[in-house]
>>> print(open('target_17.pdb').read())   # PDB, C-alpha atoms, pLDDT in the B column
ATOM      1  CA  MET A   1       2.632 -17.589 -25.352  1.00 47.00           C
ATOM      2  CA  GLN A   2       1.172 -14.805 -23.232  1.00 64.00           C
ATOM      3  CA  ALA A   3       3.241 -11.638 -22.900  1.00 86.00           C
ATOM      4  CA  THR A   4       3.358 -11.608 -19.092  1.00 95.00           C
ATOM      5  CA  ALA A   5       2.641 -13.858 -16.140  1.00 96.00           C
ATOM      6  CA  THR A   6       1.330 -12.439 -12.885  1.00 97.00           C
ATOM      7  CA  VAL A   7       2.856 -13.872  -9.722  1.00 98.00           C
ATOM      8  CA  LEU A   8       1.334 -13.112  -6.333  1.00 98.00           C
ATOM      9  CA  VAL A   9       3.923 -13.041  -3.525  1.00 98.00           C
ATOM     10  CA  TYR A  10       2.620 -13.290   0.050  1.00 98.00           C
ATOM     11  CA  SER A  11       4.899 -12.570   2.996  1.00 98.00           C
ATOM     12  CA  ASP A  12       4.726 -10.168   5.906  1.00 98.00           C
ATOM     13  CA  ASP A  13       8.507  -9.791   5.504  1.00 98.00           C
ATOM     14  CA  SER A  14       9.520  -7.330   2.788  1.00 98.00           C
ATOM     15  CA  ASN A  15      12.979  -8.976   2.627  1.00 97.00           C
ATOM     16  CA  THR A  16      11.402 -12.314   1.676  1.00 97.00           C
ATOM     17  CA  ARG A  17       9.323 -10.633  -1.019  1.00 98.00           C
ATOM     18  CA  GLU A  18      12.496  -8.977  -2.311  1.00 98.00           C
ATOM     19  CA  GLN A  19      14.333 -12.336  -2.382  1.00 97.00           C
ATOM     20  CA  VAL A  20      11.542 -13.730  -4.580  1.00 98.00           C
ATOM     21  CA  ARG A  21      11.690 -10.763  -6.974  1.00 98.00           C
ATOM     22  CA  LEU A  22      15.484 -10.921  -7.243  1.00 97.00           C
ATOM     23  CA  ALA A  23      15.543 -14.709  -7.736  1.00 97.00           C
ATOM     24  CA  THR A  24      12.959 -14.421 -10.520  1.00 97.00           C
ATOM     25  CA  GLY A  25      14.458 -11.492 -12.380  1.00 96.00           C
ATOM     26  CA  ARG A  26      12.486 -10.461 -15.461  1.00 96.00           C
ATOM     27  CA  ARG A  27      11.610 -14.076 -16.192  1.00 95.00           C
ATOM     28  CA  PRO A  28      12.598 -17.301 -14.436  1.00 97.00           C
ATOM     29  CA  ALA A  29      13.441 -19.117 -17.700  1.00 97.00           C
ATOM     30  CA  PRO A  30      13.682 -18.199 -21.394  1.00 95.00           C
ATOM     31  CA  ASP A  31      10.618 -20.281 -22.353  1.00 95.00           C
ATOM     32  CA  VAL A  32       8.175 -18.625 -19.936  1.00 96.00           C
ATOM     33  CA  PRO A  33       6.651 -15.138 -19.993  1.00 95.00           C
ATOM     34  CA  VAL A  34       8.054 -12.047 -18.357  1.00 97.00           C
ATOM     35  CA  VAL A  35       6.825 -11.881 -14.752  1.00 97.00           C
ATOM     36  CA  GLU A  36       4.872  -9.094 -13.101  1.00 98.00           C
ATOM     37  CA  PHE A  37       4.505  -9.225  -9.324  1.00 98.00           C
ATOM     38  CA  VAL A  38       1.590  -8.515  -7.038  1.00 98.00           C
ATOM     39  CA  GLU A  39       2.906  -8.261  -3.481  1.00 98.00           C
ATOM     40  CA  CYS A  40       0.732  -8.948  -0.456  1.00 98.00           C
ATOM     41  CA  ALA A  41       1.661  -8.591   3.209  1.00 98.00           C
ATOM     42  CA  THR A  42      -1.668  -9.731   4.700  1.00 98.00           C
ATOM     43  CA  PRO A  43      -4.037 -12.671   4.195  1.00 98.00           C
ATOM     44  CA  ALA A  44      -6.877 -10.249   3.370  1.00 98.00           C
ATOM     45  CA  ALA A  45      -4.802  -8.745   0.555  1.00 98.00           C
ATOM     46  CA  VAL A  46      -4.147 -12.231  -0.868  1.00 98.00           C
ATOM     47  CA  LEU A  47      -7.849 -13.050  -0.940  1.00 98.00           C
ATOM     48  CA  ARG A  48      -8.686  -9.662  -2.465  1.00 98.00           C
ATOM     49  CA  GLU A  49      -6.138 -10.134  -5.276  1.00 98.00           C
ATOM     50  CA  LEU A  50      -7.269 -13.701  -5.986  1.00 98.00           C
ATOM     51  CA  ASP A  51     -10.893 -12.514  -6.155  1.00 97.00           C
ATOM     52  CA  LYS A  52      -9.861 -10.012  -8.848  1.00 97.00           C
ATOM     53  CA  GLY A  53      -8.449 -12.857 -10.951  1.00 96.00           C
ATOM     54  CA  GLY A  54      -5.510 -12.830 -13.325  1.00 96.00           C
ATOM     55  CA  ILE A  55      -2.988 -14.475 -10.980  1.00 97.00           C
ATOM     56  CA  ASP A  56      -0.936 -17.202 -12.697  1.00 97.00           C
ATOM     57  CA  VAL A  57       1.076 -18.498  -9.719  1.00 98.00           C
ATOM     58  CA  CYS A  58       1.085 -17.784  -5.973  1.00 98.00           C
ATOM     59  CA  VAL A  59       4.290 -17.770  -3.939  1.00 98.00           C
ATOM     60  CA  LEU A  60       3.437 -18.075  -0.249  1.00 98.00           C
ATOM     61  CA  ASP A  61       5.810 -17.677   2.698  1.00 98.00           C
ATOM     62  CA  GLY A  62       5.346 -20.584   5.098  1.00 96.00           C
ATOM     63  CA  GLU A  63       6.725 -18.409   7.903  1.00 96.00           C
ATOM     64  CA  ALA A  64       4.386 -15.438   7.344  1.00 97.00           C
ATOM     65  CA  VAL A  65       2.590 -13.938  10.325  1.00 96.00           C
ATOM     66  CA  PRO A  66      -0.242 -13.945  11.386  1.00 95.00           C
ATOM     67  CA  VAL A  67      -1.279 -16.630   8.871  1.00 97.00           C
ATOM     68  CA  GLY A  68       1.470 -18.854   7.531  1.00 96.00           C
ATOM     69  CA  GLY A  69       1.685 -19.726   3.868  1.00 97.00           C
ATOM     70  CA  MET A  70       0.719 -23.346   4.487  1.00 96.00           C
ATOM     71  CA  GLY A  71      -2.559 -22.409   6.133  1.00 96.00           C
ATOM     72  CA  MET A  72      -3.142 -19.728   3.493  1.00 98.00           C
ATOM     73  CA  CYS A  73      -2.527 -22.291   0.751  1.00 98.00           C
ATOM     74  CA  ARG A  74      -4.953 -24.785   2.249  1.00 97.00           C
ATOM     75  CA  GLN A  75      -7.580 -22.045   2.572  1.00 97.00           C
ATOM     76  CA  ILE A  76      -7.283 -20.762  -0.993  1.00 98.00           C
ATOM     77  CA  LYS A  77      -7.281 -24.306  -2.416  1.00 97.00           C
ATOM     78  CA  ASP A  78     -10.637 -24.810  -0.642  1.00 97.00           C
ATOM     79  CA  GLU A  79     -12.145 -21.395  -1.369  1.00 96.00           C
ATOM     80  CA  VAL A  80     -10.835 -20.052  -4.693  1.00 96.00           C
ATOM     81  CA  PHE A  81     -12.370 -21.399  -7.894  1.00 94.00           C
ATOM     82  CA  ARG A  82      -9.588 -22.491 -10.260  1.00 93.00           C
ATOM     83  CA  CYS A  83      -6.983 -21.604  -7.696  1.00 97.00           C
ATOM     84  CA  PRO A  84      -3.611 -20.876  -9.304  1.00 97.00           C
ATOM     85  CA  PRO A  85      -0.711 -23.210  -8.558  1.00 97.00           C
ATOM     86  CA  VAL A  86       1.180 -22.477  -5.347  1.00 98.00           C
ATOM     87  CA  LEU A  87       4.916 -22.418  -4.683  1.00 98.00           C
ATOM     88  CA  LEU A  88       5.457 -22.573  -0.938  1.00 97.00           C
ATOM     89  CA  LEU A  89       8.533 -21.186   0.793  1.00 97.00           C
ATOM     90  CA  ILE A  90       9.429 -23.453   3.726  1.00 96.00           C
ATOM     91  CA  ALA A  91      11.930 -22.906   6.531  1.00 92.00           C
ATOM     92  CA  ARG A  92      13.130 -26.503   6.850  1.00 89.00           C
ATOM     93  CA  PRO A  93      13.292 -29.436   4.420  1.00 84.00           C
ATOM     94  CA  GLN A  94      11.432 -31.451   7.081  1.00 86.00           C
ATOM     95  CA  ASP A  95       8.408 -29.212   6.453  1.00 86.00           C
ATOM     96  CA  ALA A  96       7.908 -30.676   2.966  1.00 86.00           C
ATOM     97  CA  TRP A  97       5.177 -32.977   4.274  1.00 88.00           C
ATOM     98  CA  LEU A  98       3.269 -29.912   5.507  1.00 89.00           C
ATOM     99  CA  ALA A  99       3.561 -28.409   2.031  1.00 90.00           C
ATOM    100  CA  THR A 100       1.908 -31.578   0.730  1.00 91.00           C
ATOM    101  CA  TRP A 101      -0.824 -31.286   3.373  1.00 93.00           C
ATOM    102  CA  SER A 102      -1.455 -27.690   2.296  1.00 96.00           C
ATOM    103  CA  ARG A 103      -1.865 -28.882  -1.336  1.00 97.00           C
ATOM    104  CA  ALA A 104       0.942 -26.702  -2.682  1.00 97.00           C
ATOM    105  CA  GLU A 105       2.195 -27.814  -6.094  1.00 97.00           C
ATOM    106  CA  ALA A 106       5.840 -27.096  -5.186  1.00 96.00           C
ATOM    107  CA  ALA A 107       8.008 -26.068  -2.238  1.00 96.00           C
ATOM    108  CA  VAL A 108      11.490 -24.572  -1.894  1.00 96.00           C
ATOM    109  CA  ALA A 109      13.524 -23.735   1.181  1.00 94.00           C
ATOM    110  CA  LEU A 110      14.127 -20.334   2.709  1.00 94.00           C
ATOM    111  CA  PRO A 111      16.279 -18.369   2.325  1.00 94.00           C
ATOM    112  CA  VAL A 112      15.509 -18.322  -1.383  1.00 95.00           C
ATOM    113  CA  GLU A 113      18.204 -19.962  -3.492  1.00 96.00           C
ATOM    114  CA  PRO A 114      17.839 -18.250  -6.908  1.00 97.00           C
ATOM    115  CA  VAL A 115      18.462 -21.202  -9.240  1.00 97.00           C
ATOM    116  CA  GLU A 116      16.213 -23.595  -7.308  1.00 97.00           C
ATOM    117  CA  PHE A 117      13.473 -20.998  -6.919  1.00 98.00           C
ATOM    118  CA  ALA A 118      13.524 -19.876 -10.566  1.00 98.00           C
ATOM    119  CA  GLY A 119      13.386 -23.506 -11.714  1.00 98.00           C
ATOM    120  CA  ALA A 120      10.378 -24.280  -9.525  1.00 98.00           C
ATOM    121  CA  LEU A 121       8.536 -21.116 -10.588  1.00 98.00           C
ATOM    122  CA  ALA A 122       9.263 -21.733 -14.284  1.00 98.00           C
ATOM    123  CA  SER A 123       7.989 -25.294 -13.937  1.00 97.00           C
ATOM    124  CA  LEU A 124       4.663 -24.089 -12.497  1.00 98.00           C
ATOM    125  CA  LEU A 125       4.304 -21.482 -15.241  1.00 97.00           C
ATOM    126  CA  ARG A 126       4.954 -24.157 -17.902  1.00 96.00           C
ATOM    127  CA  GLU A 127       2.378 -26.517 -16.362  1.00 91.00           C
ATOM    128  CA  LYS A 128      -0.204 -23.735 -16.260  1.00 81.00           C
ATOM    129  CA  LYS A 129       0.457 -23.002 -19.936  1.00 74.00           C
ATOM    130  CA  LEU A 130       0.085 -26.717 -20.845  1.00 70.00           C
ATOM    131  CA  GLN A 131      -3.215 -26.882 -18.978  1.00 67.00           C
ATOM    132  CA  GLY A 132      -4.445 -23.882 -20.944  1.00 63.00           C
ATOM    133  CA  VAL A 133      -5.821 -22.257 -17.818  1.00 52.00           C
TER     134      VAL A 133
END
>>> encode(input="target_17.pdb", output="structure tokens")
Amino acid sequence: MQATATVLVYSDDSNTREQVRLATGRRPAPDVPVVEFVECATPAAVLRELDKGGIDVCVLDGEAVPVGGMGMCRQIKDEVFRCPPVLLLIARPQDAWLATWSRAEAAVALPVEPVEFAGALASLLREKKLQGV
């Protein structure tokens, strides 16, 4: 198993980014690597970091401004070769269908509930490891 996993967190709200970091802790589950975060507050920063490579999972805030996480997800799924899996943060459970439209692999509700979030993130990290990507 790799020593660390890099998780990109996109939100214009620093409190949302902090919720993600706190819910993850050092690692979201004992069987996945320790997590390092790359925080982005703008869509341009997300694209720049994805172009650099090395991102294992993206966590995108569906309520981000000026580009929401759903639109950002759809864009990166179309434009980024071997796009990492995406965990989308949604404001309402009714928005789950939009998460599907955006092609996110998983979605959890805001505000971040630590157990649910950590479980979803760990699941995406495990799947990535199984795929050998």
>>> residues_near_point(input="target_17.pdb", point="(10.9, -24.7, -9.2)", cutoff="10 Å", atoms="all atoms listed in the file", output="list in words")
Pro28, Leu87, Glu105, Ala106, Ala107, Val108, Pro114, Val115, Glu116, Phe117, Ala118, Gly119, Ala120, Leu121, Ala122, Ser123, Leu124 and Leu125 of chain A
>>> closest_residue(input="target_17.pdb", among="A:Glu127, A:Glu49, A:Asp78, A:Glu39", to="Asp13 of chain A", atoms="all atoms listed in the file")
A:Glu39
>>> atom_distance(input="target_17.pdb", atom1="atom CA of Phe81 of chain A", atom2="atom CA of Leu60 of chain A")
17.9 Å
>>> resolve_selection(input="target_17.pdb", expression="the PyMOL selection byres ((chain A and resi 36) around 8)", output="PDB file with C-alpha atoms, in the frame of the given file")
ATOM      1  CA  THR A   4       3.358 -11.608 -19.092  1.00 95.00           C
ATOM      2  CA  ALA A   5       2.641 -13.858 -16.140  1.00 96.00           C
ATOM      3  CA  THR A   6       1.330 -12.439 -12.885  1.00 97.00           C
ATOM      4  CA  VAL A   7       2.856 -13.872  -9.722  1.00 98.00           C
ATOM      5  CA  VAL A  34       8.054 -12.047 -18.357  1.00 97.00           C
ATOM      6  CA  VAL A  35       6.825 -11.881 -14.752  1.00 97.00           C
ATOM      7  CA  PHE A  37       4.505  -9.225  -9.324  1.00 98.00           C
ATOM      8  CA  VAL A  38       1.590  -8.515  -7.038  1.00 98.00           C
TER       9      VAL A  38
END
>>> residues_around(input="target_17.pdb", residues="Cys40 of chain A", least_positions_apart="4", cutoff="9 Å", atoms="only C-alpha atoms", output="JSON, numbers by chain")
{"A": [8, 9, 10, 11, 12, 17, 44, 45, 46, 49]}
>>> closest_residue(input="target_17.pdb", among="A:Ile76, A:Ala3, A:Val86, A:Leu110", to="Asp31 of chain A", atoms="all atoms listed in the file")
A:Ala3
>>> resolve_selection(input="target_17.pdb", expression="the PyMOL selection byres ((chain A and resi 103) around 10)", output="number ranges by chain")
A: 70-71, 73-78, 85-88, 97-102, 104-106
>>> closest_residue(input="target_17.pdb", among="A:Ala23, A:Cys83, A:Ile90, A:Leu130", to="Gly53 of chain A", atoms="only C-alpha atoms")
A:Cys83
>>> atom_distance(input="target_17.pdb", atom1="atom CA of Ala109 of chain A", atom2="atom CA of Ala64 of chain A")
13.8 Å
>>> closest_residue(input="target_17.pdb", among="A:Leu50, A:Gly62, A:Val67, A:Gln94", to="Glu79 of chain A", atoms="only C-alpha atoms")
A:Leu50
